[in-house]
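Colleague: I have a structure I would like to understand better, so I am pasting it below and will then ask my questions one at a time.
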Amino acid sequence: MIKNKKADKIISVYWFAILFIVAAAIVYMVISFYGEPYDIREAEAYALTNKVAGCLSEAGYLNETVLSEDFRENFMEKCKLNFEVEDVYGWREWGQYYVEINFYDFSTNQSISSIKKGNEALKIDCDKEGKTFPVCLERSFYTLDKEKNQYQINVLSIVRKTDKNVQ
Amino acid sequence: MRRMINKKGNILTQNIIFIILNLIFLSILVVFLFSKMGSAAVLEEKYAKQIALILDSAEPGMIINLNMEDAIKIANKENRALNNIISIQSNVVKVQLREKGDYSYSFFNDIVIDIDFSIYPDTSSIPVKEYVIFIEGDN
């Protein structure tokens, strides 16, 4: 009889121990899930690439001014881009975005022109794998001008913002 | 006979205490889960990033309706004025649902933005759930 009572007590202690272990596991999982920031850098890089592509080419035709010196110099204003960021983690000093556009003659594959804006230093980390490195997205598309000259345009978009997207 | 009745009583009390403790334990766990899921900090981050992404892809002349019912509930609990929940300065979105703390996130699209609670002229009888973001300019 006494043995049974002891056994009951042991079972209830064992039961609570299991409950605590399960609860601790759930709490750990919830904290690690909700404590992790949402990583939207890839979506941002896609949006940036789309924005640039839409600015360079409209309805399949290259915008006439794109290859001019004026467009290259005032690319940010012409394409309505603003790479200013919030003043945290020293972001303002370093710059969190980079865009590089290379224009090629489609038939000869020769480089015609290029536009680079943002923090070029981010490009170094593009070969590296891992969440703590900037997200790099390279896309290319084919387009024509009004004289039916064919062009290939490569757009490289890089978004860093690691501190707010990765823990 | 008397001993048996007492024994049964003990077993019942023990079981009830055991069940109550289990229930308390589980309800604390559930409260913790829900508090984490819908916490102001999590929602601030979620909405700031969501709005930044929407604005990145926005074009001049667009009107964007954003359902923020869960954020508005929290802001009301924290006595925050609804017109101060979202603010956009330069190209940084700031969402603030509580007195202490907020979340900011930048977007790259250089557009002029205006924010309102609702597009409808009279919102006095309708509880506000949506924010309306107007992108100025012609498409």
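Following the order of the structure tokens, chains are lettered A, B, ..., residues in each are numbered from 1, and ligands are numbered from 1.
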Give me the residues near Phe134 of chain B as a list in words, where near means some atom within 9 Å (using only C-alpha atoms) and where sequence neighbours in that chain fewer than 4 positions away do not count.
Modeller: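 Those residues are Pro60, Gly61, Met62, Ile63, Ile64, Asn65, Val112, Ile113, Asp114, Ile115 and Asp116 of chain B.
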Colleague: Only residues of chain B matter here; which ones have an atom within 8 Å of chain A, counting only C-alpha atoms? Give them as a count of residues only.
Modeller: 21
Colleague: Going by DSSP on the backbone, which residues of chain A come out as helix (DSSP H, G or I)? List them as a short mmCIF file (atom, residue, chain, number, x, y, z; two decimals) with N, CA and C atoms, in the first residue's frame.
Modeller:
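Everything below was put into result38.cif:
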```cif
data_model
loop_
_atom_site.label_atom_id
_atom_site.label_comp_id
_atom_site.auth_asym_id
_atom_site.auth_seq_id
_atom_site.Cartn_x
_atom_site.Cartn_y
_atom_site.Cartn_z
N ILE A 2 1.87 1.28 0.93
CA ILE A 2 2.79 2.42 1.00
C ILE A 2 3.59 2.53 -0.30
N LYS A 3 3.97 1.35 -0.80
CA LYS A 3 4.73 1.32 -2.07
C LYS A 3 3.95 2.00 -3.19
N ASN A 4 2.62 1.72 -3.23
CA ASN A 4 1.77 2.32 -4.27
C ASN A 4 1.76 3.82 -4.17
N LYS A 5 1.63 4.32 -2.92
CA LYS A 5 1.59 5.76 -2.69
C LYS A 5 2.89 6.42 -3.19
N LYS A 6 4.03 5.76 -2.84
CA LYS A 6 5.33 6.29 -3.29
C LYS A 6 5.40 6.32 -4.81
N ALA A 7 4.92 5.23 -5.38
CA ALA A 7 4.93 5.13 -6.85
C ALA A 7 4.10 6.25 -7.47
N ASP A 8 2.93 6.53 -6.86
CA ASP A 8 2.07 7.63 -7.35
C ASP A 8 2.81 8.95 -7.34
N LYS A 9 3.51 9.21 -6.19
CA LYS A 9 4.24 10.47 -6.07
C LYS A 9 5.33 10.58 -7.13
N ILE A 10 6.05 9.46 -7.31
CA ILE A 10 7.12 9.46 -8.32
C ILE A 10 6.56 9.75 -9.70
N ILE A 11 5.41 9.10 -9.99
CA ILE A 11 4.78 9.31 -11.30
C ILE A 11 4.41 10.77 -11.49
N SER A 12 3.81 11.40 -10.44
CA SER A 12 3.39 12.79 -10.60
C SER A 12 4.60 13.71 -10.76
N VAL A 13 5.68 13.46 -10.06
CA VAL A 13 6.89 14.27 -10.21
C VAL A 13 7.45 14.10 -11.63
N TYR A 14 7.45 12.84 -12.07
CA TYR A 14 7.93 12.51 -13.41
C TYR A 14 7.06 13.23 -14.46
N TRP A 15 5.74 13.23 -14.22
CA TRP A 15 4.78 13.87 -15.12
C TRP A 15 5.04 15.37 -15.21
N PHE A 16 5.28 16.00 -14.05
CA PHE A 16 5.58 17.44 -14.05
C PHE A 16 6.91 17.72 -14.74
N ALA A 17 7.87 16.84 -14.52
CA ALA A 17 9.18 17.02 -15.18
C ALA A 17 8.99 17.02 -16.70
N ILE A 18 8.18 16.07 -17.19
CA ILE A 18 7.91 16.00 -18.64
C ILE A 18 7.23 17.29 -19.10
N LEU A 19 6.22 17.73 -18.31
CA LEU A 19 5.51 18.97 -18.67
C LEU A 19 6.46 20.15 -18.78
N PHE A 20 7.37 20.26 -17.81
CA PHE A 20 8.33 21.37 -17.82
C PHE A 20 9.27 21.28 -19.03
N ILE A 21 9.69 20.07 -19.34
CA ILE A 21 10.58 19.90 -20.50
C ILE A 21 9.86 20.32 -21.79
N VAL A 22 8.60 19.85 -21.93
CA VAL A 22 7.81 20.19 -23.13
C VAL A 22 7.60 21.70 -23.19
N ALA A 23 7.23 22.30 -22.03
CA ALA A 23 6.98 23.74 -22.00
C ALA A 23 8.25 24.51 -22.35
N ALA A 24 9.36 24.07 -21.80
CA ALA A 24 10.64 24.77 -22.08
C ALA A 24 10.96 24.69 -23.57
N ALA A 25 10.69 23.53 -24.18
CA ALA A 25 10.95 23.37 -25.62
C ALA A 25 10.05 24.31 -26.42
N ILE A 26 8.76 24.38 -26.04
CA ILE A 26 7.81 25.25 -26.76
C ILE A 26 8.24 26.72 -26.62
N VAL A 27 8.58 27.12 -25.38
CA VAL A 27 8.99 28.50 -25.13
C VAL A 27 10.24 28.84 -25.96
N TYR A 28 11.19 27.91 -25.98
CA TYR A 28 12.43 28.13 -26.74
C TYR A 28 12.11 28.31 -28.23
N MET A 29 11.23 27.43 -28.76
CA MET A 29 10.88 27.51 -30.18
C MET A 29 10.16 28.81 -30.50
N VAL A 30 9.23 29.19 -29.63
CA VAL A 30 8.47 30.43 -29.88
C VAL A 30 9.40 31.64 -29.84
N ILE A 31 10.27 31.69 -28.83
CA ILE A 31 11.19 32.83 -28.71
C ILE A 31 12.13 32.89 -29.92
N SER A 32 12.64 31.71 -30.33
CA SER A 32 13.57 31.74 -31.47
C SER A 32 12.83 32.08 -32.77
N PHE A 33 11.54 31.70 -32.88
CA PHE A 33 10.77 32.01 -34.10
C PHE A 33 10.38 33.48 -34.15
N TYR A 34 9.78 33.99 -33.07
CA TYR A 34 9.31 35.37 -33.07
C TYR A 34 10.42 36.37 -32.78
N GLY A 35 11.52 35.90 -32.20
CA GLY A 35 12.66 36.77 -31.95
C GLY A 35 13.46 37.03 -33.22
N ARG A 41 14.91 41.06 -47.49
CA ARG A 41 15.92 41.64 -48.39
C ARG A 41 15.80 41.10 -49.82
N GLU A 42 15.45 39.83 -49.94
CA GLU A 42 15.32 39.26 -51.28
C GLU A 42 14.16 39.93 -52.03
N ALA A 43 13.05 40.12 -51.31
CA ALA A 43 11.90 40.80 -51.92
C ALA A 43 12.27 42.23 -52.31
N GLU A 44 13.06 42.87 -51.47
CA GLU A 44 13.51 44.24 -51.77
C GLU A 44 14.39 44.26 -53.02
N ALA A 45 15.30 43.28 -53.11
CA ALA A 45 16.19 43.21 -54.27
C ALA A 45 15.38 42.97 -55.55
N TYR A 46 14.36 42.12 -55.47
CA TYR A 46 13.48 41.88 -56.63
C TYR A 46 12.77 43.17 -57.02
N ALA A 47 12.24 43.88 -56.02
CA ALA A 47 11.51 45.13 -56.29
C ALA A 47 12.44 46.16 -56.92
N LEU A 48 13.67 46.21 -56.42
CA LEU A 48 14.65 47.17 -56.96
C LEU A 48 14.97 46.84 -58.42
N THR A 49 15.17 45.55 -58.70
CA THR A 49 15.46 45.12 -60.07
C THR A 49 14.30 45.47 -61.00
N ASN A 50 13.08 45.19 -60.55
CA ASN A 50 11.89 45.50 -61.36
C ASN A 50 11.77 47.00 -61.62
N LYS A 51 12.04 47.77 -60.58
CA LYS A 51 11.94 49.23 -60.69
C LYS A 51 12.95 49.75 -61.73
N VAL A 52 14.18 49.23 -61.65
CA VAL A 52 15.23 49.66 -62.58
C VAL A 52 14.88 49.22 -64.00
N ALA A 53 14.45 47.97 -64.15
CA ALA A 53 14.10 47.44 -65.47
C ALA A 53 12.95 48.25 -66.09
N GLY A 54 11.96 48.58 -65.27
CA GLY A 54 10.82 49.38 -65.74
C GLY A 54 11.23 50.77 -66.15
N CYS A 55 12.28 51.28 -65.52
CA CYS A 55 12.76 52.63 -65.83
C CYS A 55 13.55 52.64 -67.14
N LEU A 56 14.31 51.54 -67.39
CA LEU A 56 15.17 51.49 -68.57
C LEU A 56 14.39 51.17 -69.84
N GLU A 64 14.73 56.05 -74.93
CA GLU A 64 15.71 56.68 -75.82
C GLU A 64 16.87 57.35 -75.09
N THR A 65 16.57 57.91 -73.93
CA THR A 65 17.60 58.70 -73.23
C THR A 65 18.57 57.85 -72.39
N VAL A 66 18.25 56.56 -72.25
CA VAL A 66 18.98 55.71 -71.30
C VAL A 66 20.49 55.68 -71.52
N LEU A 67 20.92 55.71 -72.77
CA LEU A 67 22.35 55.61 -73.06
C LEU A 67 23.07 56.96 -73.06
N GLU A 69 24.63 60.54 -71.57
CA GLU A 69 25.46 60.92 -70.40
C GLU A 69 24.58 61.51 -69.29
N ASP A 70 23.60 62.29 -69.72
CA ASP A 70 22.71 62.94 -68.74
C ASP A 70 21.94 61.92 -67.91
N PHE A 71 21.48 60.86 -68.57
CA PHE A 71 20.74 59.82 -67.86
C PHE A 71 21.65 59.11 -66.85
N ARG A 72 22.89 58.84 -67.30
CA ARG A 72 23.83 58.14 -66.41
C ARG A 72 24.13 58.97 -65.15
N GLU A 73 24.29 60.27 -65.37
CA GLU A 73 24.62 61.14 -64.25
C GLU A 73 23.43 61.35 -63.31
N PHE A 75 20.81 59.31 -62.93
CA PHE A 75 20.07 58.04 -62.91
C PHE A 75 19.08 57.96 -61.73
N MET A 76 19.52 58.36 -60.56
CA MET A 76 18.68 58.25 -59.36
C MET A 76 17.40 59.09 -59.49
N GLU A 77 17.54 60.30 -60.01
CA GLU A 77 16.37 61.18 -60.17
C GLU A 77 15.48 60.67 -61.30
N LYS A 78 16.11 60.25 -62.40
CA LYS A 78 15.35 59.81 -63.57
C LYS A 78 14.53 58.55 -63.24
N TRP A 91 24.30 52.85 -40.68
CA TRP A 91 23.86 52.58 -42.06
C TRP A 91 24.12 53.75 -43.00
N ARG A 92 23.91 54.97 -42.48
CA ARG A 92 24.02 56.16 -43.35
C ARG A 92 25.43 56.30 -43.92
N GLU A 93 26.43 55.97 -43.09
CA GLU A 93 27.83 56.15 -43.54
C GLU A 93 28.19 55.12 -44.62
N TRP A 94 27.62 53.93 -44.49
CA TRP A 94 28.05 52.84 -45.37
C TRP A 94 27.18 52.65 -46.62
N GLU A 120 29.42 50.47 -53.58
CA GLU A 120 30.03 49.43 -54.43
C GLU A 120 30.74 48.35 -53.61
N ALA A 121 31.13 48.69 -52.40
CA ALA A 121 31.85 47.73 -51.54
C ALA A 121 31.00 46.49 -51.24
N LEU A 122 29.69 46.63 -51.35
CA LEU A 122 28.80 45.49 -51.06
C LEU A 122 28.99 44.34 -52.05
N LYS A 123 29.51 44.69 -53.24
CA LYS A 123 29.66 43.71 -54.31
C LYS A 123 30.65 42.59 -53.94
N ILE A 124 31.60 42.92 -53.09
CA ILE A 124 32.64 41.95 -52.69
C ILE A 124 32.02 40.72 -52.03
N ASP A 125 30.93 40.95 -51.29
CA ASP A 125 30.33 39.85 -50.52
C ASP A 125 29.34 39.00 -51.32
N CYS A 126 29.18 39.32 -52.59
CA CYS A 126 28.18 38.59 -53.38
C CYS A 126 28.52 37.11 -53.58
N ASP A 127 29.83 36.79 -53.59
CA ASP A 127 30.23 35.38 -53.78
C ASP A 127 30.00 34.56 -52.53
N THR A 162 21.52 43.98 -43.14
CA THR A 162 21.65 42.72 -42.39
C THR A 162 21.16 42.84 -40.95
N ASP A 163 21.49 43.97 -40.32
CA ASP A 163 21.18 44.13 -38.89
C ASP A 163 19.69 44.06 -38.57
N LYS A 164 18.84 44.46 -39.53
CA LYS A 164 17.40 44.45 -39.27
C LYS A 164 16.69 43.24 -39.88
N ASN A 165 17.43 42.39 -40.56
CA ASN A 165 16.79 41.24 -41.21
C ASN A 165 17.33 39.89 -40.75
#
```
